[in-house]
Amino acid sequence: MKTTDQTARIIIRPLREEDLPGFVEVDYRQTGKRREAYWRDRFAHFTRRHPLSCLVAEMEGVGVVASVLGDVRGWEFGVPEGTGWIEGINVRPDLQGTGIASRLLDQLLGYFRQAGVKRVFSVVDWEQEEAIGLFRSHGFRRGDFIAFEKKL
Ligand SMILES: CC(C)(COP(=O)(O)OP(=O)(O)OC[C@H]1O[C@@H](n2cnc3c(N)ncnc32)[C@H](O)[C@@H]1OP(=O)(O)O)[C@@H](O)C(=O)NCCC(=O)NCCS
């Protein structure tokens with residue numbers, strides 16, 4: 001793993017509404033798309049409903065460089081109440097491989113444990129090797145659910 005002076009200047013903290021521009025910028029660098037309207041709506045939901053399970057990595061003098069969006073819920077797909085979900089974890093491309101996602105995930109899993117969560121789900125594409133590596137390195141194993149899809 002690369003370690004840099006920069007990563008020493010990173011703190012992990014809960015997501016705030018004013019993080020929107022920095023968050024949109026990280027998403028843009030990742031996807032090439034500026035999705036401000038989409039993320040504004042999602043932010044309102046996440047900051048109001050899940051203030052402790054949505055975290056950002058903030059670099060001193062730079063701003064938001066990574067995030068993880070999680071929540072605790074049930075019902076969907078028949079999972080019980082109190083299940084932890086990780087909806088997305090993203091690190092600015094130039095800072096990947098420096099341990100930032102690990103720090104975000106450790107903190108989120110710590111929160112889930114405190115909240116009494118016994119099982120955590122996430123979904124990634126087979127092609128996302130780095131995401132599979134990240135989850136595996138944190139003790140996740142392939143679950144029993146299967147994903148259906150149909151082309152229309
Ligand atoms: C997946 C992602 C969040 C990892 O972030 P990161 O900060 O680079 O990850 P870390 O440096 O904390 O690495 C943690 C572990 O992830 C795994 N990992 C990271 N990069 C990897 C790569 N390129 N290939 C395989 N495994 C990788 C390793 O197991 C690593 O642990 P190690 O360094 O002890 O071997 C980042 O690559 C990313 O933002 N990808 C694009 C978005 C995405 O795919 N998100 C996940 C699905 S929502």
# chains A, B, ... in the order shown; residues from 1 in each chain; ligands from 1
>>> residues_near_ligand(ligand="ligand 1", cutoff="8 Å", atoms="only C-alpha atoms and all ligand atoms", output="ChimeraX atom specification")
/A:1-2,30,66,86-93,95-103,123-125,128-138
>>> write_last_selection(atoms="C-alpha atoms", output="PDB file, in the first residue's frame")
ATOM      1  CA  MET A   1       0.000   0.000   0.000  1.00  0.00           C
ATOM      2  CA  LYS A   2       1.260   3.483  -0.858  1.00  0.00           C
ATOM      3  CA  GLN A  30     -14.553   8.597 -10.878  1.00  0.00           C
ATOM      4  CA  ALA A  66     -13.658   9.856  -0.365  1.00  0.00           C
ATOM      5  CA  ILE A  86     -23.172  -0.327   2.261  1.00  0.00           C
ATOM      6  CA  GLU A  87     -24.538   1.475  -0.774  1.00  0.00           C
ATOM      7  CA  GLY A  88     -21.330   2.887  -2.118  1.00  0.00           C
ATOM      8  CA  ILE A  89     -17.717   3.558  -1.253  1.00  0.00           C
ATOM      9  CA  ASN A  90     -15.589   5.821  -3.412  1.00  0.00           C
ATOM     10  CA  VAL A  91     -12.071   7.192  -3.232  1.00  0.00           C
ATOM     11  CA  ARG A  92     -10.656   9.910  -5.480  1.00  0.00           C
ATOM     12  CA  PRO A  93      -8.748   8.020  -8.204  1.00  0.00           C
ATOM     13  CA  LEU A  95      -5.562   8.623  -3.839  1.00  0.00           C
ATOM     14  CA  GLN A  96      -6.646   5.027  -4.308  1.00  0.00           C
ATOM     15  CA  GLY A  97      -4.419   2.350  -2.854  1.00  0.00           C
ATOM     16  CA  THR A  98      -3.433   4.479   0.141  1.00  0.00           C
ATOM     17  CA  GLY A  99      -5.728   2.903   2.733  1.00  0.00           C
ATOM     18  CA  ILE A 100      -8.515   5.502   2.740  1.00  0.00           C
ATOM     19  CA  ALA A 101     -11.337   3.073   1.925  1.00  0.00           C
ATOM     20  CA  SER A 102     -10.087   0.771   4.676  1.00  0.00           C
ATOM     21  CA  ARG A 103     -10.306   3.579   7.203  1.00  0.00           C
ATOM     22  CA  VAL A 123     -23.297  -5.455  -3.918  1.00  0.00           C
ATOM     23  CA  VAL A 124     -20.449  -5.029  -6.374  1.00  0.00           C
ATOM     24  CA  ASP A 125     -19.862  -5.868 -10.016  1.00  0.00           C
ATOM     25  CA  GLN A 128     -14.719  -4.257  -9.813  1.00  0.00           C
ATOM     26  CA  GLU A 129     -11.666  -6.164  -8.656  1.00  0.00           C
ATOM     27  CA  GLU A 130     -10.552  -3.466  -6.258  1.00  0.00           C
ATOM     28  CA  ALA A 131     -13.972  -3.404  -4.578  1.00  0.00           C
ATOM     29  CA  ILE A 132     -14.002  -7.194  -4.267  1.00  0.00           C
ATOM     30  CA  GLY A 133     -10.475  -7.006  -2.817  1.00  0.00           C
ATOM     31  CA  LEU A 134     -11.542  -4.311  -0.366  1.00  0.00           C
ATOM     32  CA  PHE A 135     -14.541  -6.249   0.945  1.00  0.00           C
ATOM     33  CA  ARG A 136     -12.637  -9.526   1.138  1.00  0.00           C
ATOM     34  CA  SER A 137      -9.811  -7.877   3.056  1.00  0.00           C
ATOM     35  CA  HIS A 138     -12.400  -6.754   5.626  1.00  0.00           C
TER      36      HIS A 138
END
>>> residues_around(residues="Arg48 (chain A)", least_positions_apart="6", cutoff="12 Å", atoms="only C-alpha atoms", output="PDB file with C-alpha atoms, in the first residue's frame")
ATOM      1  CA  PRO A  14     -19.896  12.099   9.234  1.00  0.00           C
ATOM      2  CA  LEU A  15     -21.207  13.450   5.932  1.00  0.00           C
ATOM      3  CA  ARG A  16     -22.621  16.996   6.065  1.00  0.00           C
ATOM      4  CA  GLU A  17     -24.901  18.797   3.588  1.00  0.00           C
ATOM      5  CA  ASP A  41     -31.610  14.650  -3.451  1.00  0.00           C
ATOM      6  CA  ARG A  42     -29.651  11.704  -2.087  1.00  0.00           C
ATOM      7  CA  CYS A  54     -22.520   8.088   5.947  1.00  0.00           C
ATOM      8  CA  ASP A  71     -27.498   2.624   6.540  1.00  0.00           C
TER       9      ASP A  71
END
>>> residues_around(residues="Gly74 (chain A)", least_positions_apart="4", cutoff="10 Å", atoms="only C-alpha atoms", output="ChimeraX atom specification")
/A:78-85
>>> select_by_dssp(residues="chain A", states="strand (DSSP E)", output="PyMOL selection string")
chain A and resi 10-14+54-59+63-73+83-91+120-122
>>> write_last_selection(atoms="C-alpha atoms", output="PDB file, in the first residue's frame")
ATOM      1  CA  ILE A  10      -7.024  12.934   6.450  1.00  0.00           C
ATOM      2  CA  ILE A  11      -9.808  12.734   8.986  1.00  0.00           C
ATOM      3  CA  ILE A  12     -12.897  10.540   8.801  1.00  0.00           C
ATOM      4  CA  ARG A  13     -16.121  12.236   9.873  1.00  0.00           C
ATOM      5  CA  PRO A  14     -19.896  12.099   9.234  1.00  0.00           C
ATOM      6  CA  CYS A  54     -22.520   8.088   5.947  1.00  0.00           C
ATOM      7  CA  LEU A  55     -18.913   9.148   6.283  1.00  0.00           C
ATOM      8  CA  VAL A  56     -16.408  11.202   4.338  1.00  0.00           C
ATOM      9  CA  ALA A  57     -12.634  11.342   4.325  1.00  0.00           C
ATOM     10  CA  GLU A  58     -11.597  14.993   4.464  1.00  0.00           C
ATOM     11  CA  MET A  59      -8.065  16.013   3.587  1.00  0.00           C
ATOM     12  CA  GLY A  63     -11.771  18.869   1.295  1.00  0.00           C
ATOM     13  CA  VAL A  64     -13.691  15.693   0.643  1.00  0.00           C
ATOM     14  CA  VAL A  65     -11.639  12.996  -1.107  1.00  0.00           C
ATOM     15  CA  ALA A  66     -13.658   9.856  -0.365  1.00  0.00           C
ATOM     16  CA  SER A  67     -16.939   8.661   1.094  1.00  0.00           C
ATOM     17  CA  VAL A  68     -18.937   5.674   2.211  1.00  0.00           C
ATOM     18  CA  LEU A  69     -22.734   5.644   2.287  1.00  0.00           C
ATOM     19  CA  GLY A  70     -24.281   3.145   4.659  1.00  0.00           C
ATOM     20  CA  ASP A  71     -27.498   2.624   6.540  1.00  0.00           C
ATOM     21  CA  VAL A  72     -29.300   0.205   8.826  1.00  0.00           C
ATOM     22  CA  ARG A  73     -32.611  -1.099   7.593  1.00  0.00           C
ATOM     23  CA  THR A  83     -29.309  -5.160   8.622  1.00  0.00           C
ATOM     24  CA  GLY A  84     -26.343  -2.977   7.655  1.00  0.00           C
ATOM     25  CA  TRP A  85     -26.119  -1.877   4.027  1.00  0.00           C
ATOM     26  CA  ILE A  86     -23.172  -0.327   2.261  1.00  0.00           C
ATOM     27  CA  GLU A  87     -24.538   1.475  -0.774  1.00  0.00           C
ATOM     28  CA  GLY A  88     -21.330   2.887  -2.118  1.00  0.00           C
ATOM     29  CA  ILE A  89     -17.717   3.558  -1.253  1.00  0.00           C
ATOM     30  CA  ASN A  90     -15.589   5.821  -3.412  1.00  0.00           C
ATOM     31  CA  VAL A  91     -12.071   7.192  -3.232  1.00  0.00           C
ATOM     32  CA  VAL A 120     -23.841  -6.363   6.576  1.00  0.00           C
ATOM     33  CA  PHE A 121     -24.639  -6.437   2.855  1.00  0.00           C
ATOM     34  CA  SER A 122     -23.201  -4.762  -0.184  1.00  0.00           C
TER      35      SER A 122
END
>>> select_by_dssp(residues="chain A", states="helix (DSSP H, G or I)", output="VMD selection string")
chain A and resid 5 to 8 17 to 31 36 to 49 76 to 78 93 to 95 100 to 114 129 to 137
